[in-house]
$ cat query.cif   # mmCIF, C-alpha atoms and all ligand atoms
data_my_file
#
loop_
_atom_site.label_atom_id
_atom_site.label_comp_id
_atom_site.auth_asym_id
_atom_site.auth_seq_id
_atom_site.Cartn_x
_atom_site.Cartn_y
_atom_site.Cartn_z
CA MET L 1 21.15 -15.79 7.55
CA ALA L 2 19.97 -17.97 4.65
CA SER L 3 16.32 -17.71 3.63
CA ALA L 4 14.40 -20.88 4.43
CA PRO L 5 11.04 -21.81 2.95
CA ALA L 6 8.09 -21.35 5.27
CA PRO L 7 6.87 -24.60 6.76
CA GLY L 8 4.19 -26.34 4.74
CA HIS L 9 4.95 -24.82 1.36
CA GLY L 10 8.03 -24.34 -0.80
CA PRO L 11 9.49 -21.13 -2.19
CA GLN L 12 7.11 -21.17 -5.18
CA ARG L 13 4.04 -21.31 -2.96
CA ARG L 14 4.82 -18.61 -0.42
CA ARG L 15 1.57 -17.12 0.83
CA ALA L 16 0.84 -13.40 0.62
CA LEU L 17 -1.73 -11.38 2.55
CA VAL L 18 -2.90 -8.27 0.68
CA THR L 19 -4.96 -5.56 2.39
CA GLY L 20 -7.22 -3.42 0.23
CA ALA L 21 -7.39 -6.20 -2.37
CA SER L 22 -10.96 -5.43 -3.43
CA SER L 23 -9.97 -2.70 -5.94
CA GLY L 24 -7.23 -0.50 -7.41
CA ILE L 25 -3.57 -1.10 -6.62
CA GLY L 26 -4.32 -3.87 -4.09
CA GLU L 27 -6.30 -5.90 -6.61
CA ALA L 28 -3.49 -5.44 -9.15
CA VAL L 29 -0.87 -6.58 -6.60
CA ALA L 30 -3.00 -9.64 -5.83
CA ARG L 31 -3.15 -10.46 -9.56
CA VAL L 32 0.65 -10.09 -9.95
CA LEU L 33 1.25 -12.26 -6.87
CA ALA L 34 -1.10 -14.93 -8.28
CA GLU L 35 0.67 -14.84 -11.66
CA ASN L 36 3.88 -15.55 -9.74
CA GLY L 37 2.39 -18.60 -8.03
CA HIS L 38 1.63 -17.28 -4.54
CA ASP L 39 -1.25 -18.48 -2.44
CA LEU L 40 -3.23 -15.51 -1.18
CA VAL L 41 -5.29 -14.05 1.63
CA LEU L 42 -7.37 -11.12 0.36
CA VAL L 43 -8.52 -8.52 2.90
CA ALA L 44 -10.86 -5.50 2.63
CA ARG L 45 -14.42 -4.58 3.69
CA ARG L 46 -16.33 -5.51 0.48
CA GLN L 47 -16.71 -9.27 0.75
CA ASP L 48 -18.45 -9.64 -2.64
CA LYS L 49 -15.51 -8.06 -4.51
CA LEU L 50 -12.99 -10.21 -2.63
CA THR L 51 -14.97 -13.39 -3.26
CA ASP L 52 -15.23 -12.64 -6.99
CA LEU L 53 -11.49 -11.94 -7.21
CA ALA L 54 -10.66 -15.11 -5.23
CA ALA L 55 -12.80 -17.22 -7.59
CA ASP L 56 -11.17 -15.64 -10.64
CA LEU L 57 -7.59 -16.14 -9.35
CA THR L 58 -8.29 -19.70 -8.23
CA ALA L 59 -9.76 -20.58 -11.65
CA ARG L 60 -6.90 -18.96 -13.55
CA HIS L 61 -3.94 -20.10 -11.46
CA GLY L 62 -5.12 -23.05 -9.34
CA LEU L 63 -4.00 -21.42 -6.08
CA ASN L 64 -5.34 -21.41 -2.55
CA VAL L 65 -6.99 -17.98 -2.25
CA GLN L 66 -8.81 -17.10 0.97
CA VAL L 67 -10.86 -14.06 1.89
CA VAL L 68 -11.26 -12.06 5.10
CA ALA L 69 -13.78 -9.20 5.09
CA THR L 70 -12.94 -6.72 7.83
CA ASP L 71 -12.79 -3.00 8.56
CA LEU L 72 -9.10 -2.39 9.29
CA ALA L 73 -9.82 1.07 10.70
CA ASN L 74 -11.24 -0.75 13.72
CA PRO L 75 -8.45 -0.75 16.36
CA ASP L 76 -9.00 -4.46 17.12
CA ALA L 77 -8.81 -5.54 13.46
CA PRO L 78 -5.04 -6.25 13.10
CA ALA L 79 -5.01 -8.54 16.15
CA ALA L 80 -8.23 -10.25 15.04
CA LEU L 81 -6.79 -10.79 11.54
CA ALA L 82 -3.58 -12.32 12.93
CA ASP L 83 -5.66 -14.57 15.21
CA GLU L 84 -7.80 -15.61 12.23
CA MET L 85 -4.66 -16.59 10.29
CA GLY L 86 -3.62 -18.69 13.31
CA ARG L 87 -7.04 -20.40 13.44
CA ARG L 88 -6.82 -21.20 9.70
CA GLU L 89 -3.19 -22.33 10.16
CA LEU L 90 -1.98 -19.98 7.44
CA ALA L 91 1.62 -18.75 7.69
CA ILE L 92 2.04 -15.38 5.96
CA ASP L 93 5.32 -14.99 4.08
CA ILE L 94 4.54 -11.76 2.22
CA LEU L 95 2.54 -8.96 3.87
CA VAL L 96 1.23 -6.25 1.54
CA ASN L 97 -0.07 -3.27 3.52
CA ASN L 98 -1.95 -1.50 0.76
CA ALA L 99 -5.36 -0.50 2.20
CA GLY L 100 -5.54 3.27 2.51
CA THR L 101 -7.85 6.22 2.17
CA MET L 102 -7.25 9.85 1.27
CA THR L 103 -9.07 12.98 2.38
CA PHE L 104 -8.55 16.11 0.40
CA GLY L 105 -9.14 19.78 1.31
CA ARG L 106 -8.28 22.37 3.94
CA PHE L 107 -7.42 20.91 7.35
CA ALA L 108 -9.55 23.52 9.15
CA ASP L 109 -12.65 22.49 7.20
CA ALA L 110 -12.00 18.75 7.35
CA ASP L 111 -14.45 16.09 8.45
CA GLY L 112 -12.88 14.99 11.75
CA GLU L 113 -14.23 11.45 11.55
CA ALA L 114 -12.80 10.95 8.07
CA ILE L 115 -9.39 12.20 9.27
CA ASP L 116 -9.47 9.86 12.29
CA ALA L 117 -10.45 6.90 10.10
CA MET L 118 -7.63 7.72 7.65
CA VAL L 119 -5.03 7.86 10.44
CA ALA L 120 -6.43 4.63 11.92
CA LEU L 121 -6.16 2.82 8.57
CA ASN L 122 -3.07 4.36 6.96
CA ILE L 123 -0.97 4.38 10.14
CA ALA L 124 -2.38 2.29 13.01
CA ALA L 125 -3.59 -0.73 11.02
CA LEU L 126 -0.41 -0.87 8.93
CA THR L 127 1.75 -0.71 12.06
CA GLY L 128 -0.40 -3.27 13.86
CA LEU L 129 -0.16 -5.73 10.98
CA CYS L 130 3.63 -5.29 10.72
CA ARG L 131 3.87 -5.90 14.47
CA ARG L 132 1.89 -9.12 14.30
CA PHE L 133 3.41 -10.65 11.17
CA VAL L 134 7.08 -9.59 11.28
CA ASP L 135 8.10 -11.64 14.31
CA PRO L 136 6.81 -14.99 12.92
CA MET L 137 8.62 -14.18 9.66
CA VAL L 138 11.87 -13.57 11.57
CA GLN L 139 11.36 -16.84 13.49
CA ARG L 140 10.98 -18.69 10.15
CA GLY L 141 13.96 -16.83 8.61
CA TYR L 142 12.01 -15.54 5.61
CA GLY L 143 9.54 -12.75 4.92
CA ARG L 144 8.69 -9.82 2.70
CA ILE L 145 6.82 -6.66 3.75
CA LEU L 146 5.49 -4.37 1.02
CA ASN L 147 4.04 -1.13 2.39
CA VAL L 148 2.21 1.12 -0.06
CA ALA L 149 3.29 4.71 0.63
CA SER L 150 3.06 7.46 -2.02
CA ILE L 151 5.17 10.17 -3.58
CA ALA L 152 3.20 12.36 -1.16
CA ALA L 153 5.58 10.91 1.47
CA PHE L 154 8.31 13.19 0.07
CA LEU L 155 6.22 16.37 -0.07
CA PRO L 156 4.75 18.90 2.31
CA ALA L 157 1.28 18.82 0.71
CA PRO L 158 -1.22 21.57 1.48
CA SER L 159 -4.81 20.26 0.93
CA LEU L 160 -3.45 16.77 1.49
CA ALA L 161 -1.61 17.57 4.73
CA VAL L 162 -2.76 14.60 6.86
CA TYR L 163 -2.70 12.12 3.96
CA ALA L 164 0.87 13.13 3.05
CA ALA L 165 1.88 12.90 6.72
CA THR L 166 0.47 9.36 6.97
CA LYS L 167 2.50 8.37 3.90
CA ALA L 168 5.67 10.02 5.29
CA TYR L 169 5.10 7.81 8.35
CA VAL L 170 4.79 4.70 6.17
CA LEU L 171 8.02 5.54 4.35
CA SER L 172 9.91 6.30 7.57
CA LEU L 173 8.64 3.18 9.36
CA THR L 174 9.57 1.01 6.39
CA GLU L 175 13.08 2.44 6.13
CA GLY L 176 13.66 1.95 9.87
CA LEU L 177 12.28 -1.60 9.75
CA ALA L 178 14.36 -2.48 6.70
CA GLU L 179 17.56 -1.65 8.57
CA GLU L 180 16.47 -3.41 11.76
CA LEU L 181 15.67 -6.55 9.79
CA ARG L 182 18.98 -6.73 7.95
CA GLY L 183 20.39 -10.28 8.11
CA THR L 184 17.14 -11.91 9.27
CA GLY L 185 15.87 -13.07 5.85
CA VAL L 186 12.98 -10.58 6.19
CA THR L 187 12.92 -7.37 4.15
CA ALA L 188 10.72 -4.27 4.11
CA THR L 189 9.91 -2.24 1.00
CA ALA L 190 7.96 1.00 0.60
CA VAL L 191 6.47 1.49 -2.85
CA CYS L 192 5.79 5.17 -3.52
CA PRO L 193 3.42 5.55 -6.49
CA GLY L 194 2.56 8.82 -8.12
CA LEU L 195 -1.00 9.43 -9.34
CA THR L 196 -2.44 6.04 -10.25
CA ASP L 197 -5.64 5.26 -12.10
CA THR L 198 -8.00 4.29 -9.23
CA GLU L 199 -11.16 5.55 -7.52
CA LEU L 200 -9.02 7.12 -4.79
CA ALA L 201 -7.19 9.39 -7.26
CA LYS L 202 -10.26 10.58 -9.20
CA PRO L 203 -11.19 13.61 -7.03
CA LEU L 204 -7.57 14.74 -6.95
CA LEU L 205 -7.08 14.40 -10.69
CA SER L 206 -10.24 16.33 -11.50
CA SER L 207 -9.02 19.23 -9.30
CA LEU L 208 -5.56 19.55 -10.82
CA PRO L 209 -5.59 22.43 -13.30
CA PHE L 210 -2.87 20.95 -15.55
CA ALA L 211 -4.40 17.46 -15.64
CA ARG L 212 -7.05 18.46 -18.17
CA LEU L 213 -4.37 19.75 -20.54
CA VAL L 214 -2.21 16.62 -20.81
CA PRO L 215 -3.07 13.03 -21.78
CA LYS L 216 -4.06 10.92 -18.77
CA GLY L 217 -1.24 8.43 -19.50
CA LEU L 218 1.35 11.15 -18.88
CA VAL L 219 0.17 12.02 -15.37
CA MET L 220 -1.26 8.70 -14.21
CA SER L 221 0.30 5.26 -13.85
CA SER L 222 -1.70 2.08 -14.38
CA THR L 223 -2.40 -0.08 -11.33
CA ARG L 224 -0.66 -2.97 -13.10
CA SER L 225 2.62 -1.08 -13.64
CA VAL L 226 2.65 0.01 -9.97
CA ALA L 227 1.88 -3.54 -8.83
CA ARG L 228 4.58 -5.09 -11.00
CA GLU L 229 7.26 -2.66 -9.83
CA GLY L 230 6.17 -3.02 -6.18
CA TYR L 231 6.31 -6.82 -6.43
CA ARG L 232 9.71 -6.79 -8.17
CA ALA L 233 11.24 -4.44 -5.58
CA CYS L 234 9.67 -6.34 -2.68
CA MET L 235 10.95 -9.74 -3.80
CA ALA L 236 14.40 -8.21 -4.46
CA GLY L 237 14.42 -6.76 -0.94
CA GLU L 238 14.80 -3.15 -2.13
CA VAL L 239 13.85 -0.56 0.47
CA VAL L 240 12.21 2.18 -1.63
CA ALA L 241 10.52 1.70 -5.01
CA LEU L 242 9.44 4.59 -7.24
CA PRO L 243 7.23 3.15 -9.98
CA GLY L 244 7.45 5.08 -13.22
CA PRO L 245 9.10 8.26 -14.47
CA VAL L 246 6.62 10.66 -12.82
CA ALA L 247 7.25 9.22 -9.34
CA GLN L 248 11.01 9.15 -9.97
CA ALA L 249 11.07 12.75 -11.22
CA THR L 250 8.91 13.95 -8.31
CA ALA L 251 11.11 12.26 -5.71
CA LEU L 252 14.22 13.73 -7.34
CA GLY L 253 12.57 17.16 -7.63
CA THR L 254 11.85 17.25 -3.89
CA ARG L 255 15.55 16.74 -3.08
CA LEU L 256 16.91 19.61 -5.13
CA PRO L 257 15.23 22.84 -3.91
CA PRO L 258 15.36 23.98 -0.26
CA LYS L 259 12.33 22.82 1.76
CA TRP L 260 10.94 26.37 2.22
CA MET L 261 10.86 26.85 -1.57
CA LEU L 262 9.10 23.53 -2.10
CA ARG L 263 6.55 24.35 0.66
CA THR L 264 5.83 27.76 -0.82
CA ALA L 265 5.33 26.42 -4.34
CA LEU L 266 3.11 23.57 -3.16
CA GLY L 267 1.21 26.01 -0.95
CA ILE L 268 0.29 28.06 -4.01
CA VAL L 269 -0.96 24.96 -5.84
CA GLY L 270 -2.66 23.56 -2.72
CA ARG L 271 -4.58 26.78 -1.97
CA ARG L 272 -5.92 26.78 -5.54
CA LEU L 273 -7.23 23.24 -5.08
CA SER L 274 -8.98 23.66 -1.72
N1 LIG L 301 -4.29 6.05 -6.60
C1 LIG L 301 -3.24 6.82 -6.38
O1 LIG L 301 -2.99 7.82 -7.10
C2 LIG L 301 -2.29 6.46 -5.27
C3 LIG L 301 -1.02 7.07 -5.27
C4 LIG L 301 -0.12 6.76 -4.25
C5 LIG L 301 -0.49 5.86 -3.26
N2 LIG L 301 -1.72 5.29 -3.27
C6 LIG L 301 -2.06 4.35 -2.18
O2 LIG L 301 -2.45 3.11 -2.74
C7 LIG L 301 -3.25 2.40 -1.80
C8 LIG L 301 -4.45 1.81 -2.52
O3 LIG L 301 -5.26 2.87 -2.99
P1 LIG L 301 -5.97 2.83 -4.42
O4 LIG L 301 -5.53 4.03 -5.15
O5 LIG L 301 -5.82 1.50 -5.03
O6 LIG L 301 -7.49 3.13 -4.00
P2 LIG L 301 -8.79 2.25 -3.96
O7 LIG L 301 -9.06 1.63 -5.29
O8 LIG L 301 -9.82 3.13 -3.34
O9 LIG L 301 -8.42 1.06 -2.97
C9 LIG L 301 -8.41 1.20 -1.58
C10 LIG L 301 -8.51 -0.19 -0.98
O10 LIG L 301 -8.46 -0.08 0.45
C11 LIG L 301 -9.58 -0.77 1.00
N3 LIG L 301 -10.03 -0.12 2.23
C12 LIG L 301 -10.41 1.19 2.35
N4 LIG L 301 -10.79 1.41 3.63
C13 LIG L 301 -10.65 0.22 4.29
C14 LIG L 301 -10.88 -0.18 5.61
N5 LIG L 301 -11.37 0.66 6.56
N6 LIG L 301 -10.63 -1.47 5.96
C15 LIG L 301 -10.16 -2.36 5.05
N7 LIG L 301 -9.90 -2.02 3.77
C16 LIG L 301 -10.15 -0.74 3.40
C17 LIG L 301 -10.65 -0.70 -0.09
O11 LIG L 301 -11.55 -1.79 0.01
P3 LIG L 301 -13.01 -1.76 0.69
O12 LIG L 301 -13.66 -0.46 0.29
O13 LIG L 301 -13.65 -2.98 0.11
O14 LIG L 301 -12.76 -1.87 2.16
C18 LIG L 301 -9.82 -0.88 -1.34
O15 LIG L 301 -9.59 -2.25 -1.58
C19 LIG L 301 -3.59 3.40 -0.69
O16 LIG L 301 -2.76 3.16 0.43
C20 LIG L 301 -3.24 4.75 -1.32
O17 LIG L 301 -2.90 5.72 -0.36
C21 LIG L 301 -2.63 5.56 -4.25
#

$ encode --input "query.cif" --output "structure tokens" --more "lines below"
Ligand SMILES: NC(=O)c1ccc[n+]([C@@H]2O[C@H](COP(=O)([O-])OP(=O)(O)OC[C@H]3O[C@@H](n4cnc5c(N)ncnc54)[C@H](OP(=O)(O)O)[C@@H]3O)[C@@H](O)[C@H]2O)c1
Amino acid sequence: MASAPAPGHGPQRRRALVTGASSGIGEAVARVLAENGHDLVLVARRQDKLTDLAADLTARHGLNVQVVATDLANPDAPAALADEMGRRELAIDILVNNAGTMTFGRFADADGEAIDAMVALNIAALTGLCRRFVDPMVQRGYGRILNVASIAAFLPAPSLAVYAATKAYVLSLTEGLAEELRGTGVTATAVCPGLTDTELAKPLLSSLPFARLVPKGLVMSSTRSVAREGYRACMAGEVVALPGPVAQATALGTRLPPKWMLRTALGIVGRRLS
């Protein structure tokens, strides 16, 4: 089926909704989308950060940039956000599910509330938003979903067991969706970054024994390079994007050895970190 522009705005002004746009990868994706002429809806909890970013992007690019401050770990948030888009009469053509948290450490010692909040955000909110925005995209014959997974999606990851499992879910859901959506004009892409220079990665980086020995640029990607590759792959309708050589090498490295060998090696590293 041919892609048709969404009603109310042409192909150059397709509107994107970005979750977790107040910092890190989400902010960088919002900037790349703005540079490519997309109107935006920015979503996260910190309203002041979103408002500042919206003002900056509007001034630079002359776009319509709107803000919704909400806690997406709240089970009602995806439905409320979709309703809010209806009230504002904003059709969403590109959905970027980026908001995510990471807990780090032994599962047995974990803070239960932090784990529940991570599952609610990384899995339930992402699924809820896909559910609410995919069908209108299919009805209009055009849409792009960009789900931010991680290279952790490919790895059994001791000390990051629940986080990695949430990202494996994101990857699996995206791959399933991508096939279901074939021929509808709507595509789904999972971008799987390696370590990226954000607040979220700081505790992990400082715990990695090798990280102190090599220049930061060799182990960490910039948010901008991840955002640019995610945007490119999303607009091209690619299903899985691995931004940068570290992510590509890690994904390849997980396919070569048998799973038990990978688990054992990562277990040794993981036990040293926790
Ligand atoms: N950094 C890495 O090394 C790396 C690698 C692979 C994948 N990722 C993934 O990239 C995504 C973005 O992470 P990041 O590294 O850019 O970290 P970050 O700078 O901490 O950004 C996280 C974003 O999510 C938002 N957020 C957190 N909890 C939220 C909630 N309950 N409701 C709504 N928004 C919430 C935060 O905004 P507020 O605090 O304002 O709500 C912030 O905008 C995550 O899905 C992460 O798993 C990161």

$ atom_distance --input "query.cif" --atom1 "atom O8 of ligand LIG 301 (chain L)" --atom2 "atom CA of L:Ser225"
16.7 Å

$ closest_residue --input "query.cif" --among "L:Leu160, L:Met102, L:Leu146, L:Ala178" --to "ligand LIG 301 (chain L)" --atoms "only C-alpha atoms and all ligand atoms"
L:Met102

$ residues_near_ligand --input "query.cif" --ligand "ligand LIG 301 (chain L)" --cutoff "7 Å" --atoms "all atoms listed in the file" --output "VMD selection string"
chain L and resid 19 to 26 43 to 46 70 to 73 98 to 102 121 to 122 148 to 151 192 to 201

$ atom_distance --input "query.cif" --atom1 "atom CA of L:Leu242" --atom2 "atom CA of L:Val191"
6.1 Å

$ closest_residue --input "query.cif" --among "L:Ala124, L:Leu95, L:Val162, L:Leu177" --to "L:Asp111" --atoms "all atoms listed in the file"
L:Val162

$ closest_residue --input "query.cif" --among "L:Phe154, L:Asp116, L:Asp56, L:Arg31" --to "L:Leu256" --atoms "only C-alpha atoms"
L:Phe154

$ closest_residue --input "query.cif" --among "L:Ser221, L:Gln139, L:Thr264, L:Thr174" --to "L:Val246" --atoms "only C-alpha atoms"
L:Ser221

$ atom_distance --input "query.cif" --atom1 "atom CA of L:Glu238" --atom2 "atom CA of L:Ala251"
16.2 Å

$ closest_residue --input "query.cif" --among "L:Gly230, L:Gly37, L:Gly176, L:Gly143" --to "L:His61" --atoms "all atoms listed in the file"
L:Gly37

$ closest_residue --input "query.cif" --among "L:Gly185, L:Pro136, L:Gly86, L:Gly217" --to "L:Ala236" --atoms "only C-alpha atoms"
L:Gly185

$ decode --input "query.cif" --residues "stretch 170-187 of chain L" --atoms "N, CA and C atoms" --output "compact mmCIF listing (two decimals), in the first residue's frame"
# COMPACT_ATOMS: atom_id res chain seq x y z
N VAL L 170 11.62 -5.49 24.20
CA VAL L 170 11.45 -4.40 23.23
C VAL L 170 11.87 -4.86 21.83
N LEU L 171 13.01 -5.55 21.77
CA LEU L 171 13.50 -6.03 20.47
C LEU L 171 12.53 -7.04 19.87
N SER L 172 12.07 -7.99 20.69
CA SER L 172 11.18 -9.04 20.20
C SER L 172 9.84 -8.45 19.75
N LEU L 173 9.28 -7.56 20.56
CA LEU L 173 8.01 -6.92 20.20
C LEU L 173 8.16 -6.17 18.87
N THR L 174 9.25 -5.45 18.74
CA THR L 174 9.44 -4.64 17.53
C THR L 174 9.57 -5.52 16.30
N GLU L 175 10.32 -6.63 16.43
CA GLU L 175 10.48 -7.52 15.27
C GLU L 175 9.14 -8.15 14.87
N GLY L 176 8.36 -8.55 15.88
CA GLY L 176 7.04 -9.13 15.60
C GLY L 176 6.14 -8.11 14.92
N LEU L 177 6.11 -6.90 15.49
CA LEU L 177 5.27 -5.83 14.94
C LEU L 177 5.66 -5.51 13.51
N ALA L 178 6.98 -5.44 13.27
CA ALA L 178 7.47 -5.06 11.94
C ALA L 178 6.91 -6.01 10.89
N GLU L 179 6.89 -7.30 11.21
CA GLU L 179 6.37 -8.28 10.25
C GLU L 179 4.86 -8.15 10.10
N GLU L 180 4.17 -7.97 11.24
CA GLU L 180 2.71 -7.81 11.16
C GLU L 180 2.31 -6.62 10.31
N LEU L 181 3.12 -5.57 10.36
CA LEU L 181 2.75 -4.31 9.72
C LEU L 181 3.14 -4.25 8.25
N ARG L 182 3.84 -5.28 7.77
CA ARG L 182 4.31 -5.26 6.39
C ARG L 182 3.16 -4.94 5.41
N GLY L 183 3.37 -3.99 4.52
CA GLY L 183 2.36 -3.66 3.52
C GLY L 183 1.35 -2.62 3.97
N THR L 184 1.45 -2.15 5.22
CA THR L 184 0.46 -1.17 5.71
C THR L 184 0.92 0.27 5.55
N GLY L 185 2.21 0.47 5.22
CA GLY L 185 2.75 1.84 5.22
C GLY L 185 3.32 2.23 6.59
N VAL L 186 3.16 1.34 7.58
CA VAL L 186 3.69 1.60 8.93
C VAL L 186 4.85 0.65 9.17
N THR L 187 5.94 1.15 9.73
CA THR L 187 7.09 0.28 10.00
C THR L 187 7.48 0.40 11.47
